[in-house]
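Scroll down for the structure; my scribbles are underneath it.
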Amino acid sequence: MISAVAHPNVALIKYWGKSHDALRIPATPSISIPLLALRTETRIEVAPTHDEITISGQPDTSGRIGRWLHCLRGDFELDIPPLAVRSHSNFPLAAGLASSASGFAALTLAINTLLDLDLDTASLSRLARLGSASAARSITTGFVSLDGQASTHDAWRARKALDWEDWPLGVCVAICSHASKAVSSADGMRLSRDTSPAYTAWLEGNRRMYARAARAVAERDFDALSAAARWSFFGMLTVMQTSDPPLRYLNASTFAVIQAIDALREQGVPVFFTCDAGPQVKCIHLPECAELVEARIQAVPGVQEVIRACP
Ligand code: 2P0
């Protein structure tokens with residue numbers, strides 16, 4: 001039996017939209033940081049006849065992992081035997097906390113060990129990306145970029161831009177709902193690409209923000225990173241809200257937390273926020289103001305739980 005662990009990640013520069021659906025090739029590069037207190041552990045062993053997949057003790061009814069394994073065995077010619085896969089996460093699933101990222105990353109790492117593939121980070125991230133594009137960024141920790149110059153599978157891979165130890169930021173997550181999302185990220189992205197009049201401008205602007213954020217990470221410039229992340233979040237939100245029908249992943253508590261964080265920032269506290277395809281708010285801050293940020297978001301009505309995800 002092989003066991004592997006991966007952490008979900010939160011994108012500061014967002015991926016929202018694909019240039020190739022089946023190969024999960026993003027239409028825009030992204031940069032993420034890990035949520036180190038959140039983890040998915042995946043155990044695998046060879047099964048007698050066919051894949052048996054359970055997620056938190058329940059059979060995987062989505063079929064998503066089975067389809068990914070089928071693709072690796074077929075199109076990518078990996079000699080993967082039938083697998084018994086058991087995956088457990090210590091955080092709510094399908095609520096915008098990137099459980100598919102840590103899930104596919106942990107499974108990719110486990111398969112790499114089981115089959116003695118000895119793949120490097122770039123190759124592992126390409127395989128994980130075929131399951132869920134954000135999983136490519138969970139193959140390693142630290143500040144991780146996912147980019148590629150062309151619309152080809154090989155070009156799009158993750159790489160570590162900076163070790164976490166070199167700039168260990170604080171991350172607090174405000175859980176604003178435990179409900180599963182109504183529209184999957186993949187369906188939401190397709191809808192945005194097909195219907196949002198803001199989509200092309202989003203792709204162009206987000207590429208510029210990616211370059212700025214990469215520079216900010218290299219220079220450890222918190223204000224510059226915050227500004228790029230803010231643009232990326234609101235750019236993605238604009239595309240979601242101008243999709244037809246509009247994609248509504250956030251709730252009233254989400255917006256209340258956003259206001260609270262903006263108020264702290266106006267008082268000079270080094271903190272910014274971002275959200276994904278779910279109502280949770282990830283608050284990124286310099287380590288010295290962890291208690292202040294945590295207490296402030298805990299006090300927002302409707303916040304159900306606050307998770308200190310880093311350090
Ligand atoms: C991100 N999200 O960059 C963006 C921001 C959600 C909002 O990556 O279709 O589950 O499996 O590639 O990776 C969530 O999308 O979607 C995501 P697929 P995935 O983190």
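Following the order of the structure tokens, chains are lettered A, B, ..., residues in each are numbered from 1, and ligands are numbered from 1.
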
Spatial neighbours of Thr49 in chain A, 10 Å, only C-alpha atoms, chain gap at least 4 places, as a PDB file with N, CA, C and O atoms, in the first residue's frame:
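Final file, out19.pdb:
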```
ATOM      1  N   PRO A  81      -2.098  -0.589 -13.156  1.00  0.00           N
ATOM      2  CA  PRO A  81      -2.995  -1.732 -12.899  1.00  0.00           C
ATOM      3  C   PRO A  81      -4.319  -1.240 -12.299  1.00  0.00           C
ATOM      4  O   PRO A  81      -4.415  -0.063 -11.924  1.00  0.00           O
ATOM      5  N   PRO A  82      -5.332  -2.109 -12.176  1.00  0.00           N
ATOM      6  CA  PRO A  82      -6.546  -1.699 -11.456  1.00  0.00           C
ATOM      7  C   PRO A  82      -6.156  -1.258 -10.049  1.00  0.00           C
ATOM      8  O   PRO A  82      -5.314  -1.891  -9.408  1.00  0.00           O
ATOM      9  N   LEU A  83      -6.754  -0.176  -9.582  1.00  0.00           N
ATOM     10  CA  LEU A  83      -6.345   0.400  -8.296  1.00  0.00           C
ATOM     11  C   LEU A  83      -7.498   0.477  -7.309  1.00  0.00           C
ATOM     12  O   LEU A  83      -8.635   0.792  -7.695  1.00  0.00           O
ATOM     13  N   ALA A  84      -7.184   0.204  -6.041  1.00  0.00           N
ATOM     14  CA  ALA A  84      -8.088   0.570  -4.947  1.00  0.00           C
ATOM     15  C   ALA A  84      -7.565   1.902  -4.417  1.00  0.00           C
ATOM     16  O   ALA A  84      -6.417   1.987  -3.984  1.00  0.00           O
TER      17      ALA A  84
END
```

query: What do you get as a ChimeraX atom specification if you pick all residues at most 9 Å from ligand 1, counting only C-alpha atoms and all ligand atoms?
result: /A:9-18,21,24-26,29-32,94,96-101,129-137,184-190,233,236,275-278

- request: Enumerate, as a list in words, the complete set of residues in range 107-221 of chain A that a backbone-based DSSP assignment places in strand (DSSP E).
  value: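 Assigned to strand (DSSP E), within range 107-221 of chain A: Phe143, Val144, Ser145, Leu146, Asp147, Arg157, Ala158, Arg159, Lys160, Ala161, Leu162, Gly170, Val171, Cys172, Val173, Ala174 and Ile175 of chain A.
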
Compile the contact shell of Arg157 in chain A as a short mmCIF file (atom, residue, chain, number, x, y, z; two decimals) with N, CA and C atoms, in the first residue's frame: residues with an atom at most 8 Å away, counting only C-alpha atoms, same-chain residues fewer than 6 positions apart removed.
```
data_model
loop_
_atom_site.label_atom_id
_atom_site.label_comp_id
_atom_site.auth_asym_id
_atom_site.auth_seq_id
_atom_site.Cartn_x
_atom_site.Cartn_y
_atom_site.Cartn_z
N ALA A 122 7.66 18.92 -13.08
CA ALA A 122 6.97 19.36 -14.30
C ALA A 122 6.12 18.22 -14.88
N SER A 123 6.70 17.01 -14.94
CA SER A 123 5.95 15.88 -15.53
C SER A 123 4.78 15.48 -14.64
N SER A 125 3.15 17.41 -12.64
CA SER A 125 2.12 18.45 -12.71
C SER A 125 1.30 18.33 -13.99
N ARG A 126 1.93 17.90 -15.08
CA ARG A 126 1.17 17.71 -16.33
C ARG A 126 0.13 16.61 -16.17
N ARG A 129 -2.63 17.79 -13.89
CA ARG A 129 -3.44 18.81 -14.58
C ARG A 129 -4.55 18.19 -15.42
N ALA A 136 -2.26 20.67 -10.70
CA ALA A 136 -0.86 20.81 -11.14
C ALA A 136 -0.08 21.64 -10.11
N LEU A 146 1.70 28.15 -12.73
CA LEU A 146 1.27 27.19 -13.76
C LEU A 146 1.14 28.00 -15.03
N ASP A 147 2.05 27.75 -15.96
CA ASP A 147 1.96 28.50 -17.21
C ASP A 147 2.48 27.65 -18.37
N GLY A 148 2.35 28.19 -19.56
CA GLY A 148 2.80 27.50 -20.78
C GLY A 148 2.63 28.46 -21.93
#
```

Which residues of range 86-203 of chain A have any atom within 6 Å of an atom in range 279-300 of chain A when counting only C-alpha atoms, and what is the closest pair of atoms for each, with the distance in Å to one decimal? Order the rows by chain and rising number and write it as JSON lines.
```
{"residue": "A:Leu169", "atom": "CA", "partner": "A:Leu286", "partner_atom": "CA", "distance": 5.3}
{"residue": "A:Gly170", "atom": "CA", "partner": "A:Pro287", "partner_atom": "CA", "distance": 4.9}
{"residue": "A:Val171", "atom": "CA", "partner": "A:Ile284", "partner_atom": "CA", "distance": 4.6}
{"residue": "A:Cys172", "atom": "CA", "partner": "A:Cys283", "partner_atom": "CA", "distance": 5.1}
{"residue": "A:Val173", "atom": "CA", "partner": "A:Lys282", "partner_atom": "CA", "distance": 4.5}
{"residue": "A:Ala174", "atom": "CA", "partner": "A:Val281", "partner_atom": "CA", "distance": 5.1}
{"residue": "A:Ile175", "atom": "CA", "partner": "A:Gln280", "partner_atom": "CA", "distance": 4.8}
{"residue": "A:Cys176", "atom": "CA", "partner": "A:Gln280", "partner_atom": "CA", "distance": 5.3}
```

message: For the structure I just gave you, how does DSSP split range 155-293 of chain A - specifically, which residues are helix (DSSP H, G or I)? Reply as an NGL selection string.
response: :A and (164-166 or 185-195 or 199-219 or 222-241 or 252-266 or 287-293)

task: Write out as a PyMOL selection string each polymer residue whose atoms come within 10 Å of Arg208 in chain A, counting only C-alpha atoms; drop sequence neighbours fewer than 4 positions from it.
output: chain A and resi 29+202-204+212-213+228+232

Using only N, CA, C and O atoms, please write the residues we just selected to a file, as a PDB file, in the first residue's frame.
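Output file part21.pdb follows:
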```pdb
ATOM      1  N   PRO A  29      -2.338  31.889 -17.367  1.00  0.00           N
ATOM      2  CA  PRO A  29      -1.444  31.364 -16.329  1.00  0.00           C
ATOM      3  C   PRO A  29      -1.912  31.765 -14.934  1.00  0.00           C
ATOM      4  O   PRO A  29      -2.695  32.707 -14.784  1.00  0.00           O
ATOM      5  N   TRP A 202     -10.656  39.748 -19.768  1.00  0.00           N
ATOM      6  CA  TRP A 202     -10.173  39.030 -18.572  1.00  0.00           C
ATOM      7  C   TRP A 202      -8.870  38.291 -18.873  1.00  0.00           C
ATOM      8  O   TRP A 202      -7.900  38.398 -18.129  1.00  0.00           O
ATOM      9  N   LEU A 203      -8.855  37.550 -19.984  1.00  0.00           N
ATOM     10  CA  LEU A 203      -7.644  36.785 -20.309  1.00  0.00           C
ATOM     11  C   LEU A 203      -6.444  37.713 -20.500  1.00  0.00           C
ATOM     12  O   LEU A 203      -5.354  37.443 -19.989  1.00  0.00           O
ATOM     13  N   GLU A 204      -6.656  38.824 -21.193  1.00  0.00           N
ATOM     14  CA  GLU A 204      -5.545  39.755 -21.445  1.00  0.00           C
ATOM     15  C   GLU A 204      -5.061  40.395 -20.152  1.00  0.00           C
ATOM     16  O   GLU A 204      -3.863  40.450 -19.863  1.00  0.00           O
ATOM     17  N   ARG A 212       3.066  40.736 -13.278  1.00  0.00           N
ATOM     18  CA  ARG A 212       3.309  41.604 -12.108  1.00  0.00           C
ATOM     19  C   ARG A 212       3.461  40.782 -10.832  1.00  0.00           C
ATOM     20  O   ARG A 212       4.315  41.060  -9.988  1.00  0.00           O
ATOM     21  N   ALA A 213       2.600  39.795 -10.671  1.00  0.00           N
ATOM     22  CA  ALA A 213       2.650  38.983  -9.451  1.00  0.00           C
ATOM     23  C   ALA A 213       3.948  38.179  -9.395  1.00  0.00           C
ATOM     24  O   ALA A 213       4.548  38.029  -8.322  1.00  0.00           O
ATOM     25  N   ALA A 228      -2.049  42.925  -7.577  1.00  0.00           N
ATOM     26  CA  ALA A 228      -2.254  42.008  -8.705  1.00  0.00           C
ATOM     27  C   ALA A 228      -3.323  40.969  -8.356  1.00  0.00           C
ATOM     28  O   ALA A 228      -4.186  40.640  -9.180  1.00  0.00           O
ATOM     29  N   SER A 232      -6.962  40.233 -10.153  1.00  0.00           N
ATOM     30  CA  SER A 232      -7.287  38.912 -10.684  1.00  0.00           C
ATOM     31  C   SER A 232      -8.608  38.405 -10.107  1.00  0.00           C
ATOM     32  O   SER A 232      -9.450  37.863 -10.837  1.00  0.00           O
TER      33      SER A 232
END
```

query: From the list A:Phe76, A:Tyr249, A:Phe255, A:Phe272, which residue is nearest Ser180 in chain A when using only C-alpha atoms?
result: A:Tyr249

- prompt: Separation of CA of Pro311 in chain A and CA of Val5 in chain A, in Å?
  reply: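 CA of Pro311 in chain A sits 17.3 Å away from CA of Val5 in chain A.
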
Could you pull the residues within 12 Å of Asp51 in chain A, counting only C-alpha atoms, minus those fewer than 2 positions along the same chain, as an mmCIF file with N, CA, C and O atoms, in the first residue's frame?
```cif
data_model
loop_
_atom_site.group_PDB
_atom_site.id
_atom_site.type_symbol
_atom_site.label_atom_id
_atom_site.label_comp_id
_atom_site.auth_asym_id
_atom_site.auth_seq_id
_atom_site.Cartn_x
_atom_site.Cartn_y
_atom_site.Cartn_z
ATOM 1 N N ILE A 44 -3.262 4.028 -2.031
ATOM 2 C CA ILE A 44 -3.602 3.181 -3.188
ATOM 3 C C ILE A 44 -2.935 1.812 -3.049
ATOM 4 O O ILE A 44 -1.876 1.685 -2.429
ATOM 5 N N GLU A 45 -3.612 0.838 -3.616
ATOM 6 C CA GLU A 45 -3.000 -0.484 -3.762
ATOM 7 C C GLU A 45 -3.608 -1.144 -5.000
ATOM 8 O O GLU A 45 -4.641 -0.694 -5.503
ATOM 9 N N VAL A 46 -2.942 -2.167 -5.454
ATOM 10 C CA VAL A 46 -3.442 -2.850 -6.648
ATOM 11 C C VAL A 46 -4.725 -3.600 -6.285
ATOM 12 O O VAL A 46 -4.782 -4.283 -5.253
ATOM 13 N N ALA A 47 -5.771 -3.417 -7.116
ATOM 14 C CA ALA A 47 -7.063 -4.074 -6.883
ATOM 15 C C ALA A 47 -7.149 -5.323 -7.762
ATOM 16 O O ALA A 47 -6.463 -5.416 -8.783
ATOM 17 N N PRO A 48 -7.988 -6.304 -7.354
ATOM 18 C CA PRO A 48 -8.034 -7.569 -8.100
ATOM 19 C C PRO A 48 -8.449 -7.409 -9.563
ATOM 20 O O PRO A 48 -7.789 -7.926 -10.468
ATOM 21 N N THR A 49 -9.550 -6.668 -9.829
ATOM 22 C CA THR A 49 -10.066 -6.670 -11.213
ATOM 23 C C THR A 49 -10.310 -5.279 -11.796
ATOM 24 O O THR A 49 -10.081 -5.041 -12.977
ATOM 25 N N ILE A 53 -12.851 3.194 -6.074
ATOM 26 C CA ILE A 53 -12.445 4.542 -5.625
ATOM 27 C C ILE A 53 -13.403 5.047 -4.568
ATOM 28 O O ILE A 53 -14.628 5.110 -4.786
ATOM 29 N N THR A 54 -12.865 5.398 -3.395
ATOM 30 C CA THR A 54 -13.706 6.012 -2.367
ATOM 31 C C THR A 54 -13.088 7.339 -1.934
ATOM 32 O O THR A 54 -11.875 7.482 -1.833
ATOM 33 N N PRO A 59 -18.188 5.916 -2.148
ATOM 34 C CA PRO A 59 -17.775 5.642 -3.534
ATOM 35 C C PRO A 59 -17.814 6.930 -4.373
ATOM 36 O O PRO A 59 -18.703 7.764 -4.173
ATOM 37 N N ASP A 60 -16.839 7.085 -5.261
ATOM 38 C CA ASP A 60 -16.784 8.274 -6.123
ATOM 39 C C ASP A 60 -17.825 8.160 -7.221
ATOM 40 O O ASP A 60 -17.601 7.521 -8.244
ATOM 41 N N GLY A 63 -17.281 9.702 -11.051
ATOM 42 C CA GLY A 63 -16.544 8.990 -12.097
ATOM 43 C C GLY A 63 -15.326 9.748 -12.593
ATOM 44 O O GLY A 63 -14.649 9.335 -13.538
ATOM 45 N N ILE A 65 -12.319 10.433 -11.255
ATOM 46 C CA ILE A 65 -10.995 9.802 -11.095
ATOM 47 C C ILE A 65 -10.863 8.619 -12.054
ATOM 48 O O ILE A 65 -9.822 8.414 -12.673
ATOM 49 N N GLY A 66 -11.958 7.859 -12.198
ATOM 50 C CA GLY A 66 -11.944 6.715 -13.120
ATOM 51 C C GLY A 66 -11.656 7.173 -14.549
ATOM 52 O O GLY A 66 -10.874 6.541 -15.272
ATOM 53 N N ARG A 67 -12.267 8.280 -14.970
ATOM 54 C CA ARG A 67 -12.041 8.787 -16.340
ATOM 55 C C ARG A 67 -10.590 9.225 -16.516
ATOM 56 O O ARG A 67 -9.973 9.009 -17.556
ATOM 57 N N TRP A 68 -10.033 9.851 -15.465
ATOM 58 C CA TRP A 68 -8.639 10.316 -15.526
ATOM 59 C C TRP A 68 -7.696 9.114 -15.651
ATOM 60 O O TRP A 68 -6.778 9.107 -16.466
ATOM 61 N N LEU A 69 -7.947 8.065 -14.834
ATOM 62 C CA LEU A 69 -7.106 6.862 -14.913
ATOM 63 C C LEU A 69 -7.205 6.239 -16.295
ATOM 64 O O LEU A 69 -6.206 5.799 -16.878
ATOM 65 N N HIS A 70 -8.411 6.223 -16.846
ATOM 66 C CA HIS A 70 -8.637 5.670 -18.185
ATOM 67 C C HIS A 70 -7.803 6.449 -19.213
ATOM 68 O O HIS A 70 -7.173 5.863 -20.104
ATOM 69 N N ILE A 80 -0.875 1.340 -15.757
ATOM 70 C CA ILE A 80 -1.409 1.414 -14.384
ATOM 71 C C ILE A 80 -2.355 0.230 -14.164
ATOM 72 O O ILE A 80 -3.337 0.066 -14.910
ATOM 73 N N PRO A 81 -2.098 -0.589 -13.156
ATOM 74 C CA PRO A 81 -2.995 -1.732 -12.899
ATOM 75 C C PRO A 81 -4.319 -1.240 -12.299
ATOM 76 O O PRO A 81 -4.415 -0.063 -11.924
ATOM 77 N N PRO A 82 -5.332 -2.109 -12.176
ATOM 78 C CA PRO A 82 -6.546 -1.699 -11.456
ATOM 79 C C PRO A 82 -6.156 -1.258 -10.049
ATOM 80 O O PRO A 82 -5.314 -1.891 -9.408
ATOM 81 N N LEU A 83 -6.754 -0.176 -9.582
ATOM 82 C CA LEU A 83 -6.345 0.400 -8.296
ATOM 83 C C LEU A 83 -7.498 0.477 -7.309
ATOM 84 O O LEU A 83 -8.635 0.792 -7.695
ATOM 85 N N ALA A 84 -7.184 0.204 -6.041
ATOM 86 C CA ALA A 84 -8.088 0.570 -4.947
ATOM 87 C C ALA A 84 -7.565 1.902 -4.417
ATOM 88 O O ALA A 84 -6.417 1.987 -3.984
ATOM 89 N N VAL A 85 -8.407 2.937 -4.512
ATOM 90 C CA VAL A 85 -7.999 4.301 -4.132
ATOM 91 C C VAL A 85 -8.874 4.751 -2.964
ATOM 92 O O VAL A 85 -10.101 4.702 -3.054
ATOM 93 N N ARG A 86 -8.236 5.165 -1.877
ATOM 94 C CA ARG A 86 -8.995 5.708 -0.742
ATOM 95 C C ARG A 86 -8.428 7.076 -0.390
ATOM 96 O O ARG A 86 -7.236 7.198 -0.100
#
```

- prompt: Between CA of Ala309 in chain A and CA of Leu35 in chain A, what is the spacing in Å?
  reply: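 Between CA of Leu35 in chain A and CA of Ala309 in chain A the gap is 5.0 Å.
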
- prompt: Using only C-alpha atoms, which residues sit within 10 Å of Phe234 in chain A once same-chain residues fewer than 4 positions away are excluded, as a ChimeraX atom specification?
  reply: /A:202,229-230,238-240,274-275

- prompt: Counting only C-alpha atoms, which of A:Ala227, A:Leu115, A:Ala198, A:Ala260 gets nearest to Ser243 in chain A?
  reply: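 Checking each of A:Ala227, A:Leu115, A:Ala198, A:Ala260 against Ser243 in chain A, counting only C-alpha atoms, the winner is A:Ala198.
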
For Pro92 in chain A, the nearest of the candidates A:Ile55, A:Leu237, A:Ala22, A:Ala252, counting only C-alpha atoms: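 Closest candidate: A:Ile55.
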